[in-house]
file model_27.cif (mmCIF, C-alpha atoms)
data_query
#
loop_
_atom_site.label_atom_id
_atom_site.label_comp_id
_atom_site.auth_asym_id
_atom_site.auth_seq_id
_atom_site.Cartn_x
_atom_site.Cartn_y
_atom_site.Cartn_z
CA MET L 17 0.00 0.00 0.00
CA LYS L 18 2.80 2.47 0.91
CA ILE L 19 4.58 1.74 -2.36
CA ARG L 20 1.40 2.42 -4.34
CA ILE L 21 0.86 5.78 -2.58
CA ALA L 22 4.49 6.77 -3.26
CA LEU L 23 4.13 5.83 -6.93
CA VAL L 24 0.95 7.91 -7.29
CA ALA L 25 2.63 10.88 -5.57
CA SER L 26 5.74 10.70 -7.77
CA THR L 27 3.60 10.39 -10.92
CA ALA L 28 1.65 13.51 -9.89
CA LEU L 29 4.92 15.41 -9.35
CA VAL L 30 6.24 14.47 -12.80
CA ALA L 31 2.91 15.49 -14.39
CA SER L 32 3.00 18.87 -12.67
CA LEU L 33 6.56 19.51 -13.90
CA ALA L 34 5.59 18.68 -17.48
CA LEU L 35 2.76 21.23 -17.34
CA ALA L 36 4.82 24.01 -15.74
CA ARG L 37 4.15 27.45 -17.20
CA PRO L 38 6.71 28.57 -19.79
CA THR L 39 6.20 32.17 -18.70
CA ALA L 40 6.51 34.29 -15.60
CA GLU L 41 5.73 37.89 -14.68
CA ARG L 42 8.20 40.68 -14.03
CA ASN L 43 7.02 44.21 -13.27
CA GLY L 44 3.63 43.47 -14.83
CA ILE L 45 5.12 42.14 -18.09
CA LEU L 46 5.10 38.58 -19.41
CA THR L 47 8.62 37.13 -19.41
CA ASP L 48 10.26 33.76 -19.68
CA THR L 49 11.23 32.12 -16.41
CA GLY L 50 14.64 33.83 -16.62
CA GLY L 51 13.07 37.31 -16.76
CA LYS L 52 13.55 38.03 -20.49
CA THR L 53 10.65 39.98 -22.00
CA LEU L 54 8.30 38.15 -24.36
CA TYR L 55 6.61 39.88 -27.29
CA ASN L 56 3.82 39.29 -29.77
CA PHE L 57 3.62 40.34 -33.40
CA ASP L 58 0.55 42.00 -34.93
CA LYS L 59 1.11 40.26 -38.29
CA ASP L 60 0.66 36.76 -36.82
CA GLY L 61 -2.73 35.23 -37.40
CA GLY L 62 -4.68 32.04 -37.71
CA GLY L 63 -2.53 30.25 -35.15
CA LYS L 64 0.56 30.65 -37.30
CA SER L 65 3.77 32.66 -37.05
CA ALA L 66 4.49 35.24 -39.75
CA CYS L 67 8.07 35.77 -38.57
CA TYR L 68 10.76 33.81 -40.45
CA GLY L 69 14.19 34.50 -41.97
CA GLN L 70 15.62 37.91 -41.03
CA CYS L 71 12.55 38.60 -38.92
CA ALA L 72 13.23 35.52 -36.77
CA THR L 73 16.87 36.60 -36.41
CA ALA L 74 15.80 39.93 -34.93
CA TRP L 75 12.81 38.40 -33.13
CA PRO L 76 13.73 34.83 -32.12
CA PRO L 77 10.68 32.67 -31.48
CA ALA L 78 10.17 31.24 -28.00
CA ILE L 79 10.83 27.61 -28.89
CA ALA L 80 9.40 24.91 -26.63
CA ALA L 81 11.61 22.13 -25.32
CA SER L 82 11.00 18.65 -26.66
CA GLY L 83 8.04 17.08 -24.89
CA ALA L 84 6.57 20.40 -23.71
CA GLU L 85 2.81 20.39 -23.30
CA ALA L 86 0.23 23.15 -23.66
CA SER L 87 -1.63 24.13 -20.52
CA GLY L 88 -4.17 26.86 -19.79
CA ASP L 89 -3.27 30.10 -21.61
CA HIS L 90 -0.03 28.54 -22.88
CA GLY L 91 -0.24 26.73 -26.19
CA LEU L 92 2.06 25.44 -28.90
CA ILE L 93 2.17 25.94 -32.65
CA LYS L 94 4.30 24.17 -35.21
CA ARG L 95 6.72 26.37 -37.13
CA ASP L 96 7.63 25.74 -40.78
CA ASP L 97 10.89 24.07 -39.68
CA GLY L 98 8.96 21.62 -37.46
CA SER L 99 9.97 23.21 -34.15
CA MET L 100 7.28 24.04 -31.62
CA GLN L 101 6.76 27.65 -30.56
CA TRP L 102 5.05 28.77 -27.36
CA THR L 103 1.90 30.85 -27.58
CA TYR L 104 0.09 32.88 -24.96
CA LYS L 105 -3.67 33.17 -25.36
CA GLY L 106 -3.29 32.04 -28.97
CA LYS L 107 -0.53 34.48 -30.00
CA PRO L 108 3.01 33.22 -30.76
CA LEU L 109 5.71 34.43 -28.37
CA TYR L 110 9.05 35.98 -29.35
CA TYR L 111 12.15 37.53 -27.85
CA PHE L 112 13.84 40.69 -29.14
CA ALA L 113 17.51 40.33 -30.10
CA GLY L 114 18.17 43.86 -28.82
CA ASP L 115 17.17 42.90 -25.26
CA LYS L 116 20.43 41.78 -23.71
CA GLN L 117 19.45 41.70 -20.02
CA PRO L 118 16.42 40.33 -18.17
CA GLY L 119 13.81 43.05 -17.75
CA GLN L 120 14.75 45.05 -20.86
CA ARG L 121 11.86 46.00 -23.18
CA LEU L 122 13.66 47.67 -26.06
CA GLY L 123 11.42 45.90 -28.59
CA ASP L 124 8.16 47.25 -27.19
CA GLY L 125 6.41 49.26 -29.90
CA GLN L 126 8.99 48.56 -32.63
CA GLY L 127 7.53 49.25 -36.06
CA GLY L 128 4.16 49.67 -34.40
CA VAL L 129 3.69 45.87 -34.65
CA TRP L 130 5.79 44.38 -31.81
CA HIS L 131 4.47 44.49 -28.27
CA ALA L 132 5.61 43.44 -24.83
CA ILE L 133 2.67 41.63 -23.25
CA ALA L 134 1.05 42.88 -20.09
CA ALA L 135 0.78 39.92 -17.70
CA GLY L 136 -2.80 38.67 -17.78
CA ALA L 137 -3.61 40.68 -20.92
CA ALA L 138 -5.96 39.36 -23.55
CA ALA L 139 -4.41 38.06 -26.76
CA GLY L 140 -2.69 40.95 -28.45
CA GLY L 141 -2.75 43.01 -25.26
CA SER L 142 0.40 45.04 -24.87
CA THR L 143 2.12 47.75 -22.94
CA THR L 144 3.19 49.62 -26.04
CA SER L 145 5.16 52.58 -24.89
CA GLY L 146 5.71 53.90 -28.38
CA ALA L 147 9.44 53.51 -27.75
CA THR L 148 10.72 53.38 -31.30
CA SER L 149 13.75 55.57 -30.72
CA ALA L 150 15.94 52.80 -29.27
CA GLY L 151 17.86 52.50 -32.54
CA TYR L 152 16.03 49.39 -33.73
CA SER L 153 13.56 50.94 -36.16
CA ASN L 154 14.41 48.43 -38.91
CA TYR L 155 12.79 45.61 -36.95
CA GLY L 156 9.16 46.37 -37.85
CA TYR L 157 8.84 43.46 -40.28
#
call {"tool": "encode", "arguments": {"input": "model_27.cif", "output": "structure tokens"}}
result
Amino acid sequence: MKIRIALVASTALVASLALARPTAERNGILTDTGGKTLYNFDKDGGGKSACYGQCATAWPPAIAASGAEASGDHGLIKRDDGSMQWTYKGKPLYYFAGDKQPGQRLGDGQGGVWHAIAAGAAAGGSTTSGATSAGYSNYGY
């Protein structure tokens, strides 16, 4: 009986780790668990990323680890190369190459189409500060 209870408890622990959220919150903004700001892109639609090539170099997609599972507001979409990208409330998540330190939001508002996501915001919700003077104006894709 004790062995069976221990097995059930360890199985529940493994299941909870597999469903862990891929995002966190820092100062009211959605980040990865390391504190790097996550963004969404206005040109994405239909559950598909529109950011490839040079766009994905400037705005790397938030790629899910092998075996990651969707849970709650966090989903997964398949990219053209077969990798799985995290989504939040249906919108693909990205990083900004110009953000070098956790907590930076230099990509917020770039080209009028890239937005840091307010934690708890509806899909497409952002904190857009209009900060397009950070020297990254060519990243509007």
call {"tool": "residues_around", "arguments": {"input": "model_27.cif", "residues": "Lys52 in chain L", "least_positions_apart": "2", "cutoff": "12 Å", "atoms": "only C-alpha atoms", "output": "ChimeraX atom specification"}}
result
/L:38-43,45-50,54-55,78,109-123,132-133
call {"tool": "atom_distance", "arguments": {"input": "model_27.cif", "atom1": "CA of Thr103 in chain L", "atom2": "CA of Trp75 in chain L"}}
result
14.4 Å
call {"tool": "atom_distance", "arguments": {"input": "model_27.cif", "atom1": "CA of Cys71 in chain L", "atom2": "CA of Gly88 in chain L"}}
result
28.0 Å
call {"tool": "closest_residue", "arguments": {"input": "model_27.cif", "among": "L:His90, L:Pro108, L:Gly83, L:Lys59", "to": "Gly136 in chain L", "atoms": "all atoms listed in the file"}}
result
L:His90
call {"tool": "atom_distance", "arguments": {"input": "model_27.cif", "atom1": "CA of Asp96 in chain L", "atom2": "CA of Gly62 in chain L"}}
result
14.2 Å
call {"tool": "closest_residue", "arguments": {"input": "model_27.cif", "among": "L:Gly44, L:Gly125, L:Lys94, L:Trp102", "to": "Lys64 in chain L", "atoms": "only C-alpha atoms"}}
result
L:Lys94
call {"tool": "resolve_selection", "arguments": {"input": "model_27.cif", "expression": "the PyMOL selection byres ((chain L and resi 86) around 12)", "output": "JSON, numbers by chain"}}
result
{"L": [34, 35, 36, 37, 38, 39, 80, 81, 83, 84, 85, 87, 88, 89, 90, 91, 92, 93, 100, 101, 102, 103, 104, 105, 106]}
call {"tool": "closest_residue", "arguments": {"input": "model_27.cif", "among": "L:Gly51, L:Lys107, L:Asp124, L:Trp130", "to": "Ser65 in chain L", "atoms": "all atoms listed in the file"}}
result
L:Lys107
call {"tool": "residues_around", "arguments": {"input": "model_27.cif", "residues": "Asp97 in chain L", "least_positions_apart": "5", "cutoff": "12 Å", "atoms": "only C-alpha atoms", "output": "PyMOL selection string"}}
result
chain L and resi 65+68-69+77+79
call {"tool": "closest_residue", "arguments": {"input": "model_27.cif", "among": "L:Ser82, L:Arg95, L:Val129, L:Ala134", "to": "Gly63 in chain L", "atoms": "only C-alpha atoms"}}
result
L:Arg95
